[in-house]
Amino acid sequence: MLIIIALIATTLICVVLRYRTVVEFFSAVASCVVLLGSSVVAFKVSNSGVYAPFTFFSVDSLGAILLLVTGFIYCLTTIYSIQYLHQESAKKIVGLTRVRQYFALLNLFVMAMILAITANSPVLAWIAIEATTLSTAFLISFYNKPSAMEAAWKYLIINSIGLLLGFFGTLLYFTAISQLGLLGFASWQTLIDNAIHLDPLIAKIAFIFVLIGYGTKVGLAPMHTWLPDAHSKAPAPISALLSGVLLNVAFIIVLRFKVITDLVVGQHFSQIILIVFGVLSILIAALIIFTQKNYKRLLAYSSIENMGIITLGFGLGGLGVLGATLHIIYHALIKSALFLSAGTIFLKYSSTKIAKINSAITALPVTSVLFLIGVLAITGAPPFGIFLSKILVVTASIKIYPFVSWLVLGLIAILFVGFFRHTTAMVFGDKPDGIKLGEINTWLVIPPMTLILVALYLSFSPPQFLLILINNVVLNFK
Amino acid sequence: MAYSIQSLAMTVILVGSFIETGSITMLLVVLFSMVVKVILAPIFFIRLINKHQLMFSVSTYLNTSMTLIIIAVLTFLAHSHKFSPLTTIVPTHQALLSLALSAMFLSLFLVINRKGAMSQIVGILSFENSVLAFIVFAKLEQLPALQAGVIFNILVWIVIATVFVSMLYKHFGSLDITSIKHLKD
């Protein structure tokens, strides 16, 4: 509740007050409050299993992990955003009004994501997910350029259709309780308890609608077409939140419906569908990686790949679920760090084209190293946790679907080579002309560095409460 | 205009639901729905059209005969045995559920086939009306507060979509989606 109040209050402050420092200060405070609040909730869930302070809200282990990830990334992106927008103001790209709009929409966006994670009802979760679309549409078109407008329009239309399909699928699940007179406020638990009354054929149709609907928001292929455009045109800190958090938030809804569907028709049905969508997403990303000319789009396609791996992991079950859960955490941290580093590169070079970025290591020594480390980590190089999570997912399929294992391993290798080819071209090479050497500002370095360090720390020694949460997720979705 | 009439029909269906339940909060939902969809949405669109002197584009990707064939196929599919698990949720409402399902298919086809941004908006709103009709016919209504939340979402969506249409027109001088191609990099 404190989290929501803090976000609403800060949004109002951003709308009403016209002092930039005040807006920035309160946004930073709100982000710290959210981080603190989400940490408290995560601790409570690790101790008690489920935290449900109100009828409409409930947090389980997976929700707690996502809440914590959201709070942490939101806090760092807010700190980064303050300096990022200062730099853009210095270049006369944005003025005070745009800054206020940015922070107001950012807070609304985060609030909608938190509501989606904590919503105890599928309909409430749908409303919250739809609210994320509405709050981010203007953030994607933030620069008011034709390409940004086009990306935002595409995002709005494709996601709206997707979410309406998801809504239809959601309501089909209510056929299980409509004849029992349990309609009204139907919680996730009510649907699970009454899954036995659901017609298996309707359950299958409903899950397909839900997966296509929410899968659009997750960025699963072939519904991913909006994602590279939206993530590449949004301001870098927003891309970090879109890629690192929002995709996972939408995916958690799919997983909740998977639990209900599995109770009705068994695991095999959802397993096959999730594996197909997961592999297809990795395949699409791998096929497109070499032809990319824009480094933000490159990161966006990497998100499609990683969401594919997460989907595949949950589809496979068992060890795959462990790998996928770890992957959610590591991917969120690393991808956010990469987008923030990409934002700094953009500020320095004023371009998102790979061909225009040369010798970033001399122009931005620390940011370039962070970017390079991030790329190594996201492609699955050891010692980062993503190496372990990818191995776990691939291992999970070796026994049941060996072909999938080999295919995914091959695609991961292609992605590694493609990613590295583009990154080395950006980081090394001849000294750039007309580019001032040196980091722009320390506050643009600290957030991505913190994200990388935390990801590295969690790769070796995750804290006990997080291990409990991960263990609970594995037990819930095995 | 067509959307207004469709929304009015939807409101009448919701009134039927109110009469059945007798709930005052349901009545409020009906009124809220009517204000948003029958009154506010058309006002937004008319203002937008007048402000930019827009021509409502009805150009499609497929030609008229192909469009009609696909419409016929989709309608047939919605009434076919393939979708009977959905249309027999309430056996006495089978015809109505088939009708709502075909309206959903046709709305989706409208969004995909039309080139105009305004047509896409109307298609999505029409799709939402069709889903709502299906819910009522299948007796899957939720708590009025949640229904109000959904309608509020639609209201915000309409406002945002009209603002976007206005911005698209300013940037591109046209609402023909095929003329918007700035994302080729």
# chains A, B, ... in the order shown; residues from 1 in each chain; ligands from 1
$ closest_atom_pairs --of "chain A" --to "chain B" --cutoff "7 Å" --atoms "only C-alpha atoms" --output "CSV"
residue,atom,partner,partner_atom,distance
A:Val123,CA,B:Leu146,CA,6.9
A:Leu124,CA,B:Leu146,CA,6.8
A:Ile127,CA,B:Val150,CA,6.2
A:Leu134,CA,B:Trp157,CA,6.7
A:Pro146,CA,B:His171,CA,6.0
A:Ser147,CA,B:His182,CA,4.9
A:Met149,CA,B:Leu168,CA,6.7
A:Glu150,CA,B:Ile180,CA,6.8
A:Ile161,CA,B:Ile124,CA,6.6
A:Leu164,CA,B:Glu128,CA,6.7
A:Phe168,CA,B:Val131,CA,6.3
A:Leu171,CA,B:Leu140,CA,6.9
A:Phe174,CA,B:Leu140,CA,6.4
A:Thr175,CA,B:Leu140,CA,6.8
A:Ser178,CA,B:Leu140,CA,6.1
A:Leu183,CA,B:Gln142,CA,6.0
A:Gly184,CA,B:Leu143,CA,4.0
A:Phe185,CA,B:Leu143,CA,5.5
A:Leu201,CA,B:Pro85,CA,6.7
A:Ile202,CA,B:Pro85,CA,6.2
A:Lys293,CA,B:Asp185,CA,6.8
$ select_by_dssp --residues "stretch 84-164 of chain A" --states "alpha helix (DSSP H)" --output "CSV table (one decimal) with C-alpha atoms, in the first residue's frame"
chain,number,residue,atom,x,y,z
A,84,TYR,CA,20.1,11.3,-18.6
A,85,LEU,CA,17.4,13.9,-18.9
A,86,HIS,CA,19.8,16.7,-17.7
A,87,GLN,CA,22.1,15.8,-20.5
A,88,GLU,CA,19.2,15.8,-23.0
A,89,SER,CA,18.1,19.2,-21.7
A,90,ALA,CA,21.6,20.5,-22.2
A,96,LEU,CA,10.9,21.1,-18.2
A,97,THR,CA,7.4,20.0,-19.3
A,98,ARG,CA,8.7,16.9,-21.0
A,99,VAL,CA,10.8,16.0,-17.9
A,100,ARG,CA,7.6,16.3,-15.7
A,101,GLN,CA,5.7,14.2,-18.2
A,102,TYR,CA,8.5,11.7,-18.2
A,103,PHE,CA,8.6,11.2,-14.5
A,104,ALA,CA,4.8,11.2,-14.1
A,105,LEU,CA,4.4,8.5,-16.8
A,106,LEU,CA,7.4,6.5,-15.4
A,107,ASN,CA,5.7,6.4,-12.0
A,108,LEU,CA,2.4,5.4,-13.5
A,109,PHE,CA,4.1,2.7,-15.5
A,110,VAL,CA,5.8,1.2,-12.5
A,111,MET,CA,2.6,1.4,-10.5
A,112,ALA,CA,0.7,-0.5,-13.2
A,113,MET,CA,3.4,-3.2,-13.2
A,114,ILE,CA,3.3,-3.5,-9.4
A,115,LEU,CA,-0.5,-3.8,-9.5
A,116,ALA,CA,-0.3,-6.5,-12.2
A,117,ILE,CA,2.2,-8.5,-10.1
A,118,THR,CA,0.2,-8.2,-6.9
A,122,PRO,CA,-7.2,-12.2,-13.3
A,123,VAL,CA,-9.4,-9.3,-14.4
A,124,LEU,CA,-7.6,-6.8,-12.1
A,125,ALA,CA,-4.3,-8.1,-13.5
A,126,TRP,CA,-5.6,-7.5,-17.0
A,127,ILE,CA,-6.6,-4.0,-16.2
A,128,ALA,CA,-3.1,-3.4,-14.8
A,129,ILE,CA,-1.4,-4.9,-17.8
A,130,GLU,CA,-3.6,-2.7,-20.1
A,131,ALA,CA,-2.6,0.3,-17.9
A,132,THR,CA,1.1,-0.5,-18.6
A,133,THR,CA,0.4,-0.2,-22.4
A,134,LEU,CA,-1.4,3.1,-21.9
A,135,SER,CA,1.3,4.6,-19.7
A,136,THR,CA,4.2,3.5,-21.9
A,137,ALA,CA,2.7,4.5,-25.2
A,138,PHE,CA,3.6,8.2,-24.6
A,139,LEU,CA,7.0,7.2,-23.2
A,140,ILE,CA,7.8,5.4,-26.4
A,146,PRO,CA,8.1,10.3,-36.8
A,147,SER,CA,9.9,7.0,-36.2
A,148,ALA,CA,9.1,7.1,-32.4
A,149,MET,CA,5.4,7.9,-33.3
A,150,GLU,CA,5.2,5.0,-35.6
A,151,ALA,CA,6.8,2.7,-33.0
A,152,ALA,CA,4.3,3.9,-30.4
A,153,TRP,CA,1.3,3.4,-32.7
A,154,LYS,CA,2.4,-0.1,-33.6
A,155,TYR,CA,2.9,-0.8,-29.9
A,156,LEU,CA,-0.5,0.5,-29.0
A,157,ILE,CA,-2.4,-1.3,-31.7
A,158,ILE,CA,-0.7,-4.7,-31.5
A,159,ASN,CA,-0.7,-4.8,-27.8
A,160,SER,CA,-4.3,-3.7,-27.5
A,161,ILE,CA,-5.4,-6.5,-29.8
A,162,GLY,CA,-3.2,-8.9,-28.0
A,163,LEU,CA,-4.6,-7.9,-24.6
A,164,LEU,CA,-8.2,-8.1,-25.8
$ residues_around --residues "A:Gly318" --least-positions-apart "6" --cutoff "10 Å" --atoms "only C-alpha atoms" --output "PyMOL selection string"
chain A and resi 392-393+396-397+474-475+477-478
$ closest_residue --among "B:Ala100, B:Ile49, B:Leu155, B:Met34" --to "B:Met118" --atoms "only C-alpha atoms"
B:Ile49
$ closest_residue --among "A:Gly434, A:Gly418, A:Pro448, A:Gly213" --to "A:Ile373" --atoms "only C-alpha atoms"
A:Pro448
$ atom_distance --atom1 "atom CA of B:Ile19" --atom2 "atom CA of B:Ala148"
17.6 Å
